[in-house]
Amino acid sequence: MRSHLIYKDVCDKYGSIARVGPNDLITSSPELLAHMNTVRSPYTRSTWFNRATRVEPGKDHVFSQIDEEKHTKRRQQMAAGYSGKENYALESSIDGRVQELLDLIRAKYLSTQARSTPVDLARKVQYFTLDVISTIGFGQAFGDLKADADLNNYIHSGEQGLAVVTVSAALGLTSFLQWPPVARLLGPSEKDRSGFGKMMATARGLIDSRLTQPTDNRSDMLASFMRHGLTRDELFSEAVLQILAGSDTTATAMRSIMLYLIAHPRVYVKLQAEIDAAVAWGDAPAAPDIVSDASLRNLAYLQAVVREGLRIHPPVTDIVPKLVPKGGDTVIIDGKPVFLPGGTNVGYCAWGVHRSKEIFGDDADQFRPERWLLEDEETSRDRLAAMKRTTELIFGYGKYQCLGKPVAWMEITKVIFEFLRHFDWSLATPEKPWRETNYMGIFAHDEMWVLAMERELKV
């Protein structure tokens, strides 16, 4: 399942827009992608979204909704909950889960000079992201970190579900699987004792319980969504989407950033020095306090490392196709006008966009965070602005930008800071750093065996 690499090969060979099916194009042009996704763009989501991503047949969430008016309304209803405006405990909730992650590593997985204790970091960070999204979404964590386990088999069953959707999409069976009799027969059931069905039942139970209670004294996302008028079915679809989208993608970002850091000692040492200096100068709190989001935003090299990690290994690589408006559209591609017929699907080539040598330089395939710093001799203000505009596409863009971007960025930067503040990391199996599978543009990782040694903190 190497679709992200295959699509890049197609764009490298045939240009920044290429045909991959009778009515399907793929593009690595950031200008075209931005044009399709701007707030007033006449382009819409293709039917792929509601065929492949619905939680329940016939019921849409904010990601599967292809009706523009309904999509806009749903985003407006949910924006306050994701932004933290009505979720006052957002950052402290994340901090609590960061502390639990650090405690888990210390309690069970510390290595020493005398003994190696490998830890599958891929799994632990997904326990973290699941516990974060359940805490800020429902007001209570699933408890994976404290149990050090994939409770109820959520992760495993989620990966199985993505595999089924991937195969069904390749065979053109997504509409068939959304047919209610087939969905009831083959899909997860809320009567299941574990797995995806169990997770759905848990979400349903929490929602039903909360619907009988006032929201005045609650400050989680669910309370915000309820205050803004989401119905029971809408709350359920959005809750399940949160769990799936909010855990897999953020975990992938953390894994890839950590892998590239460990594999690039120069960058690792430089970032660790910035972190140590921030603590020494009082720009970040001394342990055991968790660094604040406000402090993290002032750490230029950390921000550059995260941007570079997201660029070199985007967490989402599905083509998420948009539909050319009726009557077609003439766009400029590589300096030339190109007519796109109405009704054509145009997809996103993530690897082609974010490894573009024209945008990011001749070393676009290399992990080099300095490209994001103006003091880098290769970086001009215009080029930096173009790079930042391009990497905005990682989280969607314009009217389709991911609502959870601020939450994900906070999770990622906090974990990377605290990981390098407290531990020295190395690969336990450098010949095979992880096992990676791409399901429908979402990565599943495991067997990311690393060693963590406690650092002697000087401050």
# chains A, B, ... in the order shown; residues from 1 in each chain; ligands from 1
>>> select_by_dssp(residues="segment 402-436 of chain A", states="alpha helix (DSSP H)", output="number ranges by chain")
A: 405-422
>>> select_by_dssp(residues="segment 216-361 of chain A", states="strand (DSSP E)", output="JSON, numbers by chain")
{"A": [322, 323, 329, 330, 331, 332, 333, 336, 337, 338, 339, 340, 345, 346, 347, 348]}
>>> atom_distance(atom1="atom CA of Leu420 of chain A", atom2="atom CA of Ile133 of chain A")
23.1 Å
>>> residues_around(residues="segment 381-393 of chain A", least_positions_apart="5", cutoff="12 Å", atoms="only C-alpha atoms", output="PyMOL selection string")
chain A and resi 28-38+303-304+306-317+319-320+348-361+364+370-376+398-402+405
>>> residues_around(residues="Gly404 of chain A", least_positions_apart="5", cutoff="9 Å", atoms="only C-alpha atoms", output="mmCIF file with N, CA and C atoms, in the first residue's frame")
data_model
loop_
_atom_site.group_PDB
_atom_site.id
_atom_site.type_symbol
_atom_site.label_atom_id
_atom_site.label_comp_id
_atom_site.auth_asym_id
_atom_site.auth_seq_id
_atom_site.Cartn_x
_atom_site.Cartn_y
_atom_site.Cartn_z
ATOM 1 N N TYR A 82 -13.558 23.292 19.286
ATOM 2 C CA TYR A 82 -12.198 22.946 18.877
ATOM 3 C C TYR A 82 -11.197 24.046 19.201
ATOM 4 N N SER A 83 -11.635 25.296 19.185
ATOM 5 C CA SER A 83 -10.697 26.405 19.373
ATOM 6 C C SER A 83 -10.292 26.602 20.824
ATOM 7 N N GLN A 242 -13.984 12.229 15.654
ATOM 8 C CA GLN A 242 -12.928 12.781 16.509
ATOM 9 C C GLN A 242 -11.933 11.702 16.915
ATOM 10 N N GLY A 246 -8.647 12.177 15.106
ATOM 11 C CA GLY A 246 -7.825 12.900 16.060
ATOM 12 C C GLY A 246 -6.729 12.084 16.700
ATOM 13 N N PHE A 395 -3.034 20.317 6.747
ATOM 14 C CA PHE A 395 -4.220 20.295 7.605
ATOM 15 C C PHE A 395 -5.488 20.669 6.834
ATOM 16 N N TRP A 409 -1.484 20.554 16.986
ATOM 17 C CA TRP A 409 -0.194 21.254 17.092
ATOM 18 C C TRP A 409 0.247 21.340 18.548
#
>>> atom_distance(atom1="atom CA of Ala245 of chain A", atom2="atom CA of Pro325 of chain A")
27.9 Å
>>> closest_residue(among="A:Asp144, A:Glu91, A:Asp120, A:Glu86", to="Val450 of chain A", atoms="only C-alpha atoms")
A:Asp120
>>> decode(residues="segment 89-148 of chain A", atoms="C-alpha atoms", output="compact mmCIF listing (two decimals), in the first residue's frame")
# COMPACT_ATOMS: atom_id res chain seq x y z
CA ALA A 89 -9.68 22.99 30.33
CA LEU A 90 -8.28 22.09 26.89
CA GLU A 91 -4.60 22.72 27.60
CA SER A 92 -4.64 21.40 31.16
CA SER A 93 -6.35 18.23 29.91
CA ILE A 94 -3.58 17.70 27.38
CA ASP A 95 -0.96 18.41 30.06
CA GLY A 96 -2.44 15.68 32.25
CA ARG A 97 -2.09 13.11 29.48
CA VAL A 98 1.47 14.27 28.70
CA GLN A 99 2.37 13.64 32.34
CA GLU A 100 0.80 10.17 32.21
CA LEU A 101 2.86 9.37 29.10
CA LEU A 102 6.08 10.45 30.82
CA ASP A 103 5.11 8.48 33.94
CA LEU A 104 4.46 5.35 31.88
CA ILE A 105 7.90 5.50 30.25
CA ARG A 106 9.58 6.05 33.62
CA ALA A 107 7.66 3.29 35.35
CA LYS A 108 8.14 0.52 32.80
CA TYR A 109 10.45 1.39 29.92
CA LEU A 110 13.55 3.25 31.11
CA SER A 111 16.83 1.91 29.77
CA THR A 112 20.13 2.27 31.61
CA GLN A 113 23.80 1.68 30.83
CA ALA A 114 23.37 -1.80 32.29
CA ARG A 115 20.02 -2.78 30.77
CA SER A 116 18.07 -2.06 27.58
CA THR A 117 14.28 -1.94 27.79
CA PRO A 118 12.83 -1.35 24.31
CA VAL A 119 9.47 0.40 24.06
CA ASP A 120 7.17 0.44 21.03
CA LEU A 121 6.84 4.21 20.85
CA ALA A 122 4.33 3.98 18.00
CA ARG A 123 1.80 2.33 20.30
CA LYS A 124 2.47 4.52 23.35
CA VAL A 125 1.90 7.79 21.51
CA GLN A 126 -1.37 6.46 20.13
CA TYR A 127 -2.48 5.58 23.65
CA PHE A 128 -1.69 9.21 24.40
CA THR A 129 -3.65 10.66 21.46
CA LEU A 130 -6.66 8.44 22.20
CA ASP A 131 -6.65 9.51 25.84
CA VAL A 132 -6.33 13.17 24.85
CA ILE A 133 -9.20 13.12 22.37
CA SER A 134 -11.47 11.23 24.77
CA THR A 135 -10.62 13.65 27.60
CA ILE A 136 -11.20 16.86 25.66
CA GLY A 137 -14.08 15.36 23.70
CA PHE A 138 -16.07 13.57 26.41
CA GLY A 139 -14.56 14.81 29.64
CA GLN A 140 -12.99 11.45 30.55
CA ALA A 141 -10.03 9.50 29.19
CA PHE A 142 -10.33 6.01 27.77
CA GLY A 143 -7.47 5.05 30.09
CA ASP A 144 -5.02 3.45 27.66
CA LEU A 145 -2.00 5.18 29.20
CA LYS A 146 -2.78 4.13 32.76
CA ALA A 147 -3.51 0.57 31.64
CA ASP A 148 -0.60 0.55 29.14
